[in-house]
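Chemist: Pasting in a structure now, in structure tokens, and then I'll have a few things to ask.
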Amino acid sequence: MKRLNRSAAFCLSFIFIFMLVSEKSAHADWFDPLTIHFLDVGQADCILVEAPNGQTMLIDGGDEHDGEEIITYLKREGITHLDIVVASHPHHDHIGSLDDVIRAFPVSVLYMPNLPYDTKYYHDLFRVINEKQIPVDRAKAGVNFKMGFSVKVEMLAPKASYYKHINDYSAVIKIKHGKKNFLLMADAGAEEEKEIINRGGVRADVIKIGHHGANTGTTMEFLRKVKAKTAVISVGKNNPYQFPSKEVLYRLNNRKMTIYRTDQMGAIIATSNGKKILFRTNVLH
Ligand SMILES: [Zn+2]
């Protein structure tokens with residue numbers, strides 16, 4: 001009987017502790033999911049991150065003429081505000097419609113690498129940044145911030161002040177949620193990959209492959225360090241560059257990675273609970 005009482009007391013205290021934790025989770029976000037949407041914007045990039053605490057981050061804004069589709073997608077997701085926007089680098093397939101998108105939503109801060117670029121797209125983007133007086137911070141290695149209690153965001157690159165290829169100025173972002181890590185490479189190539197390897201901390205579960213699967217990067221050496229089991233490739237159907245390259249696909253298959261491609265599957269949506277990541281695709285989108 002005494003033993004029974006003791007185990008009943010143990011159970012009760014366990015329930016009590018559980019209630020305390022549950023109570024806390026109403027305010028914190030330990031158990032809520034992180035969702036990352038790789039939008040289908042053809043031969044371009046656009047990634048939406050929804051943190052468990054409701055904060056949002058948009059990385060890139062598709063090419064020219066993608067604005068309406070991106071805005072519709074975000075509104076359908078219930079997005080009313082973008083806490084962080086990242087322009088990974090100033091190529092048109094990353095910032096082409098970012099001006100339209102940031103005009104449509106309030107934006108708290110915008111990160112971009114230090115690379116002034118004399119194109120219509122760049123000037124259009126800055127026109128809206130200036131109109132709306134959006135604070136601009138530099139995207140570079142070492143920048144890190146949290147989205148709520150459970151999501152850590154760290155920029156692994158760029159670190160150098162000069163690169164031969166514009167793509168290597170890409171803001172490379174690692175998102176950590178519990179035990180799970182996402183590595184978002186933008187258009188980074190081999191030179192930037194080397195720099196990231198030297199920096200360390202590159203291991204991830206999911207990698208958004210650099211430069212739409214071009215053979216300018218995603219080296220075997222880099223994949224070996226990242227150790228990701230899943231690859232996402234943001235790429236256009238029948239694109240003139242024939243991305244993703246045969247060489248990159250060979251390397252991903254060689255490592256027995258699961259590959260999700262926006263040209264074949266439409267939008268790709270990853271949901272993490274900190275222990276597991278589930279993928280769904282939106283072929284009809
Ligand atoms: Zn690109």
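How things are named: the first chain in the structure tokens is A, the next is B, and so on; residues count from 1 in each chain; ligands count from 1 in the order shown.
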Collect all residues with atoms no farther than 9 Å from ligand 1, counting only C-alpha atoms and all ligand atoms, and output them as a list in words.
Modeler: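 Protein and nucleic-acid residues within 9 Å of ligand 1: Gln43, Ala44, Asp45, Gly62, His89, His91, His92, Asp93, His94, Asn167, Ala186, Asp187, Gly210, His211, His212, Ser234 and Val235 of chain A.
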Chemist: Keeping only C-alpha atoms, write those residues as a short mmCIF file (atom, residue, chain, number, x, y, z; two decimals), in the first residue's frame.
Modeler:
data_model
loop_
_atom_site.label_atom_id
_atom_site.label_comp_id
_atom_site.auth_asym_id
_atom_site.auth_seq_id
_atom_site.Cartn_x
_atom_site.Cartn_y
_atom_site.Cartn_z
CA GLN A 43 14.61 29.31 -62.55
CA ALA A 44 15.03 31.39 -59.37
CA ASP A 45 15.00 31.23 -55.56
CA GLY A 62 12.24 35.20 -57.28
CA HIS A 89 23.04 38.36 -53.65
CA HIS A 91 21.35 38.60 -59.29
CA HIS A 92 17.95 39.05 -60.96
CA ASP A 93 16.77 35.50 -60.22
CA HIS A 94 17.04 36.31 -56.48
CA ASN A 167 27.58 34.02 -56.74
CA ALA A 186 21.71 30.51 -52.25
CA ASP A 187 24.04 30.48 -55.31
CA GLY A 210 23.75 26.09 -54.35
CA HIS A 211 23.12 27.79 -57.69
CA HIS A 212 20.16 25.69 -58.82
CA SER A 234 15.17 25.29 -56.70
CA VAL A 235 15.26 25.14 -60.47
#
Chemist: Within range 81-269 of chain A, find each residue whose DSSP state, derived from the backbone, is helix (DSSP H, G or I), and express the selection as a PyMOL selection string.
Modeler: chain A and resi 92-95+98-104+120-132+166-169+190-199+210-213+220-226+246-254+262-265
Chemist: Excluding Ala214 in chain A and residues on its chain fewer than 6 positions from it, collect all residues at most 7 Å away from it, counting only C-alpha atoms, and give them as a CSV table (one decimal) with N, CA and C atoms, in the first residue's frame.
Modeler:
chain,number,residue,atom,x,y,z
A,243,PHE,N,20.2,23.1,-65.8
A,243,PHE,CA,20.4,22.9,-64.4
A,243,PHE,C,19.2,21.9,-63.9
A,244,PRO,N,19.4,21.1,-63.0
A,244,PRO,CA,20.6,20.8,-62.3
A,244,PRO,C,21.6,20.0,-63.2
A,245,SER,N,22.9,20.2,-63.0
A,245,SER,CA,23.9,19.5,-63.8
A,245,SER,C,23.9,18.0,-63.5
A,248,VAL,N,26.3,17.2,-60.6
A,248,VAL,CA,25.8,17.4,-59.2
A,248,VAL,C,24.8,16.3,-58.8
Chemist: I need the strand (DSSP E or B) residues of range 53-246 of chain A per DSSP on the backbone, written as a PyMOL selection string.
Modeler: chain A and resi 56-59+82-86+107-112+136-138+144-147+151-157+172-177+180-184+206-208+230-233
Chemist: Pick from A:Lys140, A:Lys174, A:His165, A:His123: nearest to Thr216 in chain A, with only C-alpha atoms counted?
Modeler: A:His165
Chemist: Quick one, how far is CA of Phe105 in chain A from CA of Leu82 in chain A?
Modeler: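 Atom-to-atom, CA of Phe105 in chain A and CA of Leu82 in chain A are spaced 6.5 Å apart.
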Chemist: Excluding same-chain residues fewer than 6 positions from range 51-60 of chain A, what lies within 9 Å of it counting only C-alpha atoms, as a CSV table (one decimal) with N, CA and C atoms, in the first residue's frame?
Modeler:
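Heads up, here's the output in around-v5.csv:
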chain,number,residue,atom,x,y,z
A,27,HIS,N,3.5,30.0,-23.8
A,27,HIS,CA,4.2,31.2,-24.0
A,27,HIS,C,5.5,31.0,-24.9
A,28,ALA,N,6.2,29.9,-24.6
A,28,ALA,CA,7.4,29.6,-25.4
A,28,ALA,C,7.0,28.9,-26.6
A,29,ASP,N,7.9,28.3,-27.3
A,29,ASP,CA,7.6,27.6,-28.6
A,29,ASP,C,8.3,26.4,-28.8
A,30,TRP,N,8.7,25.7,-27.7
A,30,TRP,CA,9.6,24.5,-27.8
A,30,TRP,C,9.0,23.4,-28.6
A,31,PHE,N,7.7,23.3,-28.6
A,31,PHE,CA,7.1,22.1,-29.2
A,31,PHE,C,6.4,22.4,-30.5
A,32,ASP,N,6.4,23.7,-30.9
A,32,ASP,CA,5.7,24.0,-32.2
A,32,ASP,C,6.6,23.8,-33.4
A,33,PRO,N,6.0,23.6,-34.5
A,33,PRO,CA,6.9,23.3,-35.7
A,33,PRO,C,7.5,24.5,-36.3
A,34,LEU,N,8.6,24.2,-37.0
A,34,LEU,CA,9.3,25.2,-37.9
A,34,LEU,C,8.9,24.8,-39.3
A,35,THR,N,8.5,25.7,-40.1
A,35,THR,CA,8.1,25.4,-41.5
A,35,THR,C,8.9,26.2,-42.5
A,36,ILE,N,9.5,25.5,-43.4
A,36,ILE,CA,10.3,26.2,-44.5
A,36,ILE,C,9.7,25.8,-45.8
A,44,ALA,N,14.8,30.3,-60.3
A,44,ALA,CA,15.0,31.4,-59.4
A,44,ALA,C,14.9,30.8,-58.0
A,45,ASP,N,15.1,31.7,-57.0
A,45,ASP,CA,15.0,31.2,-55.6
A,45,ASP,C,14.0,32.1,-54.8
A,79,ILE,N,0.6,35.3,-44.0
A,79,ILE,CA,1.7,36.2,-43.6
A,79,ILE,C,1.2,37.6,-43.7
A,81,HIS,N,3.4,40.1,-42.1
A,81,HIS,CA,4.6,40.9,-41.8
A,81,HIS,C,5.8,40.0,-42.0
A,82,LEU,N,6.9,40.6,-42.6
A,82,LEU,CA,8.1,39.9,-42.7
A,82,LEU,C,9.1,40.4,-41.8
A,83,ASP,N,9.5,39.6,-40.8
A,83,ASP,CA,10.4,40.1,-39.7
A,83,ASP,C,11.8,40.3,-40.3
A,84,ILE,N,12.2,39.4,-41.1
A,84,ILE,CA,13.6,39.4,-41.7
A,84,ILE,C,13.5,39.1,-43.2
A,85,VAL,N,14.1,39.9,-44.0
A,85,VAL,CA,14.2,39.6,-45.5
A,85,VAL,C,15.7,39.5,-45.8
A,86,VAL,N,16.1,38.5,-46.6
A,86,VAL,CA,17.5,38.4,-47.0
A,86,VAL,C,17.5,38.4,-48.5
A,87,ALA,N,18.3,39.4,-49.0
A,87,ALA,CA,18.6,39.4,-50.5
A,87,ALA,C,19.9,38.7,-50.6
A,88,SER,N,19.9,37.4,-51.0
A,88,SER,CA,21.2,36.6,-50.8
A,88,SER,C,22.3,37.2,-51.6
A,89,HIS,N,22.1,37.7,-52.8
A,89,HIS,CA,23.0,38.4,-53.7
A,89,HIS,C,22.2,39.0,-54.8
A,93,ASP,N,17.6,36.7,-60.6
A,93,ASP,CA,16.8,35.5,-60.2
A,93,ASP,C,16.6,35.4,-58.7
A,94,HIS,N,17.2,36.3,-57.9
A,94,HIS,CA,17.0,36.3,-56.5
A,94,HIS,C,16.4,37.6,-56.0
A,95,ILE,N,16.6,38.7,-56.7
A,95,ILE,CA,16.0,40.0,-56.2
A,95,ILE,C,15.0,40.5,-57.2
A,96,GLY,N,14.8,39.8,-58.3
A,96,GLY,CA,14.0,40.3,-59.4
A,96,GLY,C,12.6,40.9,-59.0
A,97,SER,N,12.0,40.2,-58.1
A,97,SER,CA,10.6,40.6,-57.6
A,97,SER,C,10.6,41.0,-56.2
A,98,LEU,N,11.8,41.1,-55.6
A,98,LEU,CA,11.8,41.4,-54.1
A,98,LEU,C,11.3,42.8,-53.8
A,147,MET,N,15.0,33.2,-33.7
A,147,MET,CA,13.6,33.5,-34.0
A,147,MET,C,12.8,32.7,-32.9
A,148,GLY,N,12.4,33.5,-31.9
A,148,GLY,CA,11.8,32.8,-30.8
A,148,GLY,C,12.8,32.1,-29.9
A,149,PHE,N,12.4,31.1,-29.1
A,149,PHE,CA,13.2,30.4,-28.2
A,149,PHE,C,14.0,29.3,-28.9
A,150,SER,N,13.4,28.7,-30.0
A,150,SER,CA,13.9,27.4,-30.5
A,150,SER,C,14.6,27.5,-31.8
A,151,VAL,N,14.6,28.6,-32.5
A,151,VAL,CA,15.2,28.6,-33.8
A,151,VAL,C,16.4,29.6,-33.8
A,186,ALA,N,21.9,29.5,-51.2
A,186,ALA,CA,21.7,30.5,-52.2
A,186,ALA,C,22.4,30.1,-53.5
Chemist: Tell me which of A:Asn253, A:Ser170, A:Gln264, A:Asn215 sits closest to Tyr241 in chain A, counting only C-alpha atoms.
Modeler: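 Nearest candidate to Tyr241 in chain A out of A:Asn253, A:Ser170, A:Gln264, A:Asn215: A:Asn215.
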Chemist: Point out the residue among A:Leu249, A:Ile269, A:Met220, A:Ala141 with the least atom-to-atom distance to Asn198 in chain A, counting only C-alpha atoms.
Modeler: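 Residue with the minimum atom-to-atom distance to Asn198 in chain A: A:Ala141.
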Chemist: Pick the closest to Lys176 in chain A from A:Ala231, A:Glu195, A:Gly274, A:Thr72: which is it, counting only C-alpha atoms?
Modeler: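 Selected residue with least distance to Lys176 in chain A: A:Gly274.
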Chemist: To one decimal place, how far is CA of Met257 in chain A from CA of Asp40 in chain A in Å?
Modeler: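 Distance reported for this atom pair: 20.8 Å.
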Chemist: Do you know which residues are at most 10 Å from Lys227 in chain A counting only C-alpha atoms, after dropping those on the same chain fewer than 6 positions away, and could you put them as a ChimeraX atom specification?
Modeler: /A:202-207,255,257
Chemist: Output N, CA, C and O atoms for every residue in the selection just made, as a CSV table (one decimal), in the first residue's frame.
Modeler:
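See again18.csv below for the written result:
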chain,number,residue,atom,x,y,z
A,202,VAL,N,29.3,23.0,-40.3
A,202,VAL,CA,28.5,23.0,-41.6
A,202,VAL,C,27.6,21.9,-41.7
A,202,VAL,O,26.7,21.8,-42.6
A,203,ARG,N,27.6,21.0,-40.7
A,203,ARG,CA,26.8,19.8,-40.7
A,203,ARG,C,25.3,20.1,-40.7
A,203,ARG,O,24.9,21.0,-40.0
A,204,ALA,N,24.5,19.5,-41.6
A,204,ALA,CA,23.1,19.8,-41.7
A,204,ALA,C,22.3,18.5,-42.1
A,204,ALA,O,22.9,17.6,-42.7
A,205,ASP,N,21.0,18.6,-41.9
A,205,ASP,CA,20.1,17.5,-42.3
A,205,ASP,C,19.6,17.7,-43.7
A,205,ASP,O,19.4,16.7,-44.5
A,206,VAL,N,19.4,19.0,-44.0
A,206,VAL,CA,18.8,19.3,-45.3
A,206,VAL,C,19.7,20.4,-45.9
A,206,VAL,O,20.0,21.4,-45.2
A,207,ILE,N,20.0,20.3,-47.2
A,207,ILE,CA,20.8,21.3,-47.9
A,207,ILE,C,20.0,21.8,-49.1
A,207,ILE,O,19.5,21.0,-49.9
A,255,ARG,N,25.8,9.8,-52.9
A,255,ARG,CA,25.7,9.9,-51.4
A,255,ARG,C,24.3,9.4,-50.9
A,255,ARG,O,23.9,9.6,-49.8
A,257,MET,N,21.3,10.5,-51.4
A,257,MET,CA,20.5,11.6,-50.8
A,257,MET,C,19.1,11.6,-51.5
A,257,MET,O,19.0,11.3,-52.6
Chemist: For the interface of range 31-118 of chain A with range 126-139 of chain A (cut-off 6 Å, counting only C-alpha atoms), please tabulate each contacting residue of range 31-118 of chain A alongside its nearest pair of atoms and their separation in Å to one decimal, rows sorted by chain and increasing number, as JSON lines.
Modeler:
{"residue": "A:Val109", "atom": "CA", "partner": "A:Pro135", "partner_atom": "CA", "distance": 5.1}
{"residue": "A:Leu110", "atom": "CA", "partner": "A:Val136", "partner_atom": "CA", "distance": 4.8}
{"residue": "A:Tyr111", "atom": "CA", "partner": "A:Asp137", "partner_atom": "CA", "distance": 4.8}
{"residue": "A:Met112", "atom": "CA", "partner": "A:Ala139", "partner_atom": "CA", "distance": 4.7}
{"residue": "A:Pro113", "atom": "CA", "partner": "A:Ala139", "partner_atom": "CA", "distance": 4.6}
Chemist: Export N, CA, C and O atoms of the chosen residues as a PDB file, in the first residue's frame?
Modeler:
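File written: again_34.pdb
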ATOM      1  N   VAL A 109      13.621  44.239 -41.047  1.00  0.00           N
ATOM      2  CA  VAL A 109      15.036  44.428 -41.390  1.00  0.00           C
ATOM      3  C   VAL A 109      15.354  43.633 -42.651  1.00  0.00           C
ATOM      4  O   VAL A 109      14.753  42.588 -42.902  1.00  0.00           O
ATOM      5  N   LEU A 110      16.267  44.158 -43.448  1.00  0.00           N
ATOM      6  CA  LEU A 110      16.676  43.459 -44.667  1.00  0.00           C
ATOM      7  C   LEU A 110      18.199  43.275 -44.642  1.00  0.00           C
ATOM      8  O   LEU A 110      18.941  44.220 -44.368  1.00  0.00           O
ATOM      9  N   TYR A 111      18.629  42.039 -44.883  1.00  0.00           N
ATOM     10  CA  TYR A 111      20.056  41.730 -44.935  1.00  0.00           C
ATOM     11  C   TYR A 111      20.488  41.528 -46.388  1.00  0.00           C
ATOM     12  O   TYR A 111      19.783  40.875 -47.158  1.00  0.00           O
ATOM     13  N   MET A 112      21.649  42.066 -46.725  1.00  0.00           N
ATOM     14  CA  MET A 112      22.225  41.793 -48.040  1.00  0.00           C
ATOM     15  C   MET A 112      23.748  41.893 -47.967  1.00  0.00           C
ATOM     16  O   MET A 112      24.282  42.597 -47.103  1.00  0.00           O
ATOM     17  N   PRO A 113      24.459  41.159 -48.843  1.00  0.00           N
ATOM     18  CA  PRO A 113      25.923  41.269 -48.809  1.00  0.00           C
ATOM     19  C   PRO A 113      26.370  42.632 -49.307  1.00  0.00           C
ATOM     20  O   PRO A 113      25.623  43.324 -50.003  1.00  0.00           O
TER      21      PRO A 113
END
